[in-house]
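Visitor: Here it is: the structure, laid out below.
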Amino acid sequence: MLKNRRLLLAVAVFLSVIPLTWYIRDNSTGPIGDVSFMAIENIRIKEFKPEEPEIIKTIEDNKIYKSYLITYRSEGLRITGLMNVPEGKGPFPVIFLNYGHYQFKKYRTGDGTKEAADLFARNGYVAVSPDYRNYGGSDKGSELFFTGYVYDLMNLIESVKRLKYVDKDRIGLEGHSMGAAVVVKTIVIRKNIKAAAVFGSMSPDDIENYNALINWGVPLGKEIKRIFGTPENNPELYYKMSPINYFKDVSSPVIIHIGEEDKNTSPAWSITLRDALIKAGKKVEYYSYPAEGHTLEGKAWDEAMKRTLTFFDQYVKKGRPLRQISN
């Protein structure tokens, strides 16, 4: 217990915690650590000032775009990733792609994002996907209910914005499953995101995500319960972590894709996301795909990506007036 307590305190200090604080309580030992860095309000006011990404090597040069293995810094960690850069001088709009859960040892750079990144780069976007901490060639670090991945994405965005061939005012986000949860949190943190696309998203309410992880019986669920407590005995923290409670601040139009037979992330979560954004007066496109599961395939994938590219062309590349569509 003492070792775990010291570890959590070290993580809190490491992430430069700012004033709004909670203390997670163990029923027998009292406070075990400051977790204020989990709060959306606190991430909003944190300054991210990384250097521009470093190109490690060229993976591909197909005369339409170059694909690079990159590295950058995130909260003291070295994070790797993939970046596709179209031929030409730019400045180019940029899409940040965020993959879903993989087993750490099985994941390889580009898994879950390479096909979409190729499409975006061929259509004039810089396409960047972080490996996140613990994945690929990245350093190991605590993710703590995916918030570590949010920090990794935030640092990557600020890092890539330093590149002279990137248009820092034309930024879009794309994510699948866990990566979609990272995207949804990010659009309530930053107002300079022009558009966001999510596929098979986790819930925008971290209480539902907690319950799902517990029901799935995965180690992460038990770890979250041990460190954070439950939504019943620590409701303020779960409220402050959940993006659904901050949708009034979203400035990005959002396109949502979900397979109606998704057995991993409930289609109800995507409906909740859609309805909560619409209730908050936000612009939403929503598409469901009959007989498709957690990962869209074949014609469904092609159709979803065509819709997503059109969406990004409208809101990120060209900045046309917003519209609202649902099916």
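By convention here, the chains of the structure tokens are called A, B, ... in the order presented, each chain's residues are numbered starting at 1, and ligands are numbered starting at 1 in the order presented.
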List every residue of segment 85-127 of chain A that DSSP, applied to the backbone, labels as strand (DSSP E), and write the result as a list of chain:residue names.

Guide: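 Taking segment 85-127 of chain A and keeping strand (DSSP E) gives A:Val85, A:Pro86, A:Phe92, A:Pro93, A:Val94, A:Ile95, A:Phe96, A:Leu97, A:Asn98, A:Val126, A:Ala127.
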
Visitor: Those selected residues, please, written with C-alpha atoms and delivered as a compact mmCIF listing (two decimals), in the first residue's frame.

Guide:
# COMPACT_ATOMS: atom_id res chain seq x y z
CA VAL A 85 3.40 14.68 -45.19
CA PRO A 86 2.08 15.46 -48.70
CA PHE A 92 -1.17 21.85 -45.03
CA PRO A 93 -4.16 21.18 -42.78
CA VAL A 94 -3.49 18.39 -40.31
CA ILE A 95 -5.51 15.44 -39.02
CA PHE A 96 -4.48 13.67 -35.79
CA LEU A 97 -5.55 10.01 -35.76
CA ASN A 98 -6.11 8.04 -32.56
CA VAL A 126 -0.61 16.04 -42.92
CA ALA A 127 -1.77 12.90 -41.08

Visitor: Within 9 Å of segment 44-64 of chain A, which residues of segment 116-204 of chain A show up? Give each one with its shortest atom-to-atom distance in Å (one decimal) and the two atoms involved, counting only C-alpha atoms, rows by chain then rising residue number, as JSON lines.

Guide:
{"residue": "A:Ala121", "atom": "CA", "partner": "A:Ile64", "partner_atom": "CA", "distance": 7.9}
{"residue": "A:Arg122", "atom": "CA", "partner": "A:Ile64", "partner_atom": "CA", "distance": 6.4}
{"residue": "A:Tyr151", "atom": "CA", "partner": "A:Phe48", "partner_atom": "CA", "distance": 8.9}
{"residue": "A:Met154", "atom": "CA", "partner": "A:Phe48", "partner_atom": "CA", "distance": 7.2}
{"residue": "A:Asn155", "atom": "CA", "partner": "A:Phe48", "partner_atom": "CA", "distance": 5.9}
{"residue": "A:Leu156", "atom": "CA", "partner": "A:Pro53", "partner_atom": "CA", "distance": 7.9}
{"residue": "A:Glu158", "atom": "CA", "partner": "A:Phe48", "partner_atom": "CA", "distance": 6.6}
{"residue": "A:Ser159", "atom": "CA", "partner": "A:Glu52", "partner_atom": "CA", "distance": 4.5}
{"residue": "A:Val160", "atom": "CA", "partner": "A:Glu52", "partner_atom": "CA", "distance": 5.9}
{"residue": "A:Lys161", "atom": "CA", "partner": "A:Glu52", "partner_atom": "CA", "distance": 7.6}
{"residue": "A:Arg162", "atom": "CA", "partner": "A:Glu52", "partner_atom": "CA", "distance": 5.4}
{"residue": "A:Leu163", "atom": "CA", "partner": "A:Glu52", "partner_atom": "CA", "distance": 6.4}
{"residue": "A:Val188", "atom": "CA", "partner": "A:Arg44", "partner_atom": "CA", "distance": 8.6}
{"residue": "A:Ile189", "atom": "CA", "partner": "A:Arg44", "partner_atom": "CA", "distance": 5.1}
{"residue": "A:Arg190", "atom": "CA", "partner": "A:Arg44", "partner_atom": "CA", "distance": 7.0}

Visitor: Check which residues of segment 88-202 of chain A sit at most 10 Å from segment 232-242 of chain A using only C-alpha atoms, and return one row each with the closest pair of atoms and their distance in Å to one decimal, ordered by chain and rising number, as a Markdown table.

Guide:
| residue | atom | partner | partner_atom | distance |
| --- | --- | --- | --- | --- |
| A:Phe145 | CA | A:Met241 | CA | 9.4 |
| A:Thr147 | CA | A:Met241 | CA | 8.8 |
| A:Ala181 | CA | A:Ser242 | CA | 9.9 |
| A:Val184 | CA | A:Ser242 | CA | 9.5 |
| A:Lys185 | CA | A:Ser242 | CA | 7.7 |
| A:Val188 | CA | A:Ser242 | CA | 9.7 |

Visitor: Keeping only C-alpha atoms, write those residues as a PDB file, in the first residue's frame.

Guide:
ATOM      1  CA  PHE A 145      -8.221   6.142 -17.241  1.00  0.00           C
ATOM      2  CA  THR A 147      -5.961  10.733 -19.370  1.00  0.00           C
ATOM      3  CA  ALA A 181     -12.746   8.801 -26.104  1.00  0.00           C
ATOM      4  CA  VAL A 184     -14.061  13.613 -27.268  1.00  0.00           C
ATOM      5  CA  LYS A 185     -12.122  14.739 -24.200  1.00  0.00           C
ATOM      6  CA  VAL A 188     -13.954  19.975 -24.692  1.00  0.00           C
TER       7      VAL A 188
END

Visitor: What residues in segment 109-255 of chain A get the DSSP label helix (DSSP H, G or I)? Please answer as an mmCIF file with C-alpha atoms, in the first residue's frame.

Guide:
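This went into states_32.cif:
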data_model
loop_
_atom_site.group_PDB
_atom_site.id
_atom_site.type_symbol
_atom_site.label_atom_id
_atom_site.label_comp_id
_atom_site.auth_asym_id
_atom_site.auth_seq_id
_atom_site.Cartn_x
_atom_site.Cartn_y
_atom_site.Cartn_z
ATOM 1 C CA LYS A 114 -2.353 3.611 -41.293
ATOM 2 C CA GLU A 115 -5.136 3.124 -43.863
ATOM 3 C CA ALA A 116 -6.957 6.324 -42.884
ATOM 4 C CA ALA A 117 -3.683 8.253 -42.657
ATOM 5 C CA ASP A 118 -2.866 7.189 -46.220
ATOM 6 C CA LEU A 119 -6.247 8.461 -47.438
ATOM 7 C CA PHE A 120 -5.874 11.827 -45.714
ATOM 8 C CA ALA A 121 -2.295 12.367 -46.925
ATOM 9 C CA ARG A 122 -3.310 11.550 -50.512
ATOM 10 C CA THR A 147 -5.961 10.733 -19.370
ATOM 11 C CA GLY A 148 -2.290 10.026 -20.054
ATOM 12 C CA TYR A 149 -3.238 9.536 -23.705
ATOM 13 C CA VAL A 150 -5.037 12.897 -23.705
ATOM 14 C CA TYR A 151 -1.808 14.502 -22.495
ATOM 15 C CA ASP A 152 0.099 12.673 -25.236
ATOM 16 C CA LEU A 153 -2.299 13.964 -27.907
ATOM 17 C CA MET A 154 -2.260 17.523 -26.533
ATOM 18 C CA ASN A 155 1.533 17.578 -26.562
ATOM 19 C CA LEU A 156 1.614 16.147 -30.084
ATOM 20 C CA ILE A 157 -0.770 18.824 -31.379
ATOM 21 C CA GLU A 158 1.376 21.622 -29.955
ATOM 22 C CA SER A 159 4.539 19.930 -31.202
ATOM 23 C CA VAL A 160 3.310 19.485 -34.781
ATOM 24 C CA MET A 178 -10.504 4.295 -26.915
ATOM 25 C CA GLY A 179 -9.018 6.810 -29.351
ATOM 26 C CA ALA A 180 -12.496 8.269 -29.871
ATOM 27 C CA ALA A 181 -12.746 8.801 -26.104
ATOM 28 C CA VAL A 182 -9.438 10.698 -26.260
ATOM 29 C CA VAL A 183 -10.818 12.827 -29.106
ATOM 30 C CA VAL A 184 -14.061 13.613 -27.268
ATOM 31 C CA LYS A 185 -12.122 14.739 -24.200
ATOM 32 C CA THR A 186 -9.828 16.864 -26.330
ATOM 33 C CA ILE A 187 -12.615 18.812 -28.056
ATOM 34 C CA VAL A 188 -13.954 19.975 -24.692
ATOM 35 C CA ILE A 189 -10.438 21.063 -23.693
ATOM 36 C CA ASP A 206 -16.770 8.209 -17.474
ATOM 37 C CA ILE A 207 -19.250 6.664 -15.055
ATOM 38 C CA GLU A 208 -20.486 4.471 -17.923
ATOM 39 C CA ASN A 209 -16.895 3.738 -18.937
ATOM 40 C CA TYR A 210 -16.048 2.738 -15.366
ATOM 41 C CA ASN A 211 -19.046 0.397 -15.192
ATOM 42 C CA ALA A 212 -18.120 -1.151 -18.540
ATOM 43 C CA LEU A 213 -14.519 -1.780 -17.509
ATOM 44 C CA ILE A 214 -15.688 -3.395 -14.274
ATOM 45 C CA ASN A 215 -18.231 -5.561 -16.104
ATOM 46 C CA TRP A 216 -15.626 -6.617 -18.656
ATOM 47 C CA PRO A 219 -7.305 -5.321 -15.075
ATOM 48 C CA LEU A 220 -7.695 -1.618 -15.878
ATOM 49 C CA GLY A 221 -11.158 -1.572 -14.321
ATOM 50 C CA LYS A 222 -9.851 -3.022 -11.068
ATOM 51 C CA GLU A 223 -6.954 -0.557 -11.073
ATOM 52 C CA ILE A 224 -9.286 2.414 -11.583
ATOM 53 C CA LYS A 225 -11.497 1.218 -8.739
ATOM 54 C CA ARG A 226 -8.477 0.804 -6.455
ATOM 55 C CA ILE A 227 -6.980 4.200 -7.235
ATOM 56 C CA PHE A 228 -10.016 6.411 -7.863
ATOM 57 C CA PRO A 235 -18.724 11.445 -7.652
ATOM 58 C CA GLU A 236 -16.962 14.803 -8.016
ATOM 59 C CA LEU A 237 -13.910 13.303 -9.701
ATOM 60 C CA TYR A 238 -15.971 11.282 -12.187
ATOM 61 C CA TYR A 239 -18.025 14.375 -12.986
ATOM 62 C CA LYS A 240 -14.922 16.495 -13.580
ATOM 63 C CA MET A 241 -13.344 13.842 -15.834
ATOM 64 C CA PRO A 243 -16.587 15.379 -21.231
ATOM 65 C CA ILE A 244 -20.385 15.078 -21.443
ATOM 66 C CA ASN A 245 -20.589 17.643 -18.637
ATOM 67 C CA TYR A 246 -18.692 20.215 -20.742
ATOM 68 C CA PHE A 247 -20.308 19.932 -24.175
ATOM 69 C CA LYS A 248 -21.505 23.537 -23.975
ATOM 70 C CA ASP A 249 -17.860 24.501 -24.591
#

Visitor: Go ahead and compute the interatomic distance for atom CA of Glu174 of chain A and atom CA of Ala304 of chain A, in Å to one decimal.

Guide: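 Distance reported for this atom pair: 12.2 Å.
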
Visitor: Taking 4 positions as the minimum chain separation for residues in the same chain, which residues sit within 6 Å of segment 289-302 of chain A when counting only C-alpha atoms? Answer as a list in words.

Guide: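 Selected residues are Gly259, Glu260, Glu261 and Asp262 of chain A.
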
Visitor: Using only C-alpha atoms, can you tell me which of A:Val218, A:Leu173, A:Leu77, A:Ala280 comes closest to Thr113 of chain A?

Guide: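 With only C-alpha atoms as the atom set, the closest residue is A:Leu173.
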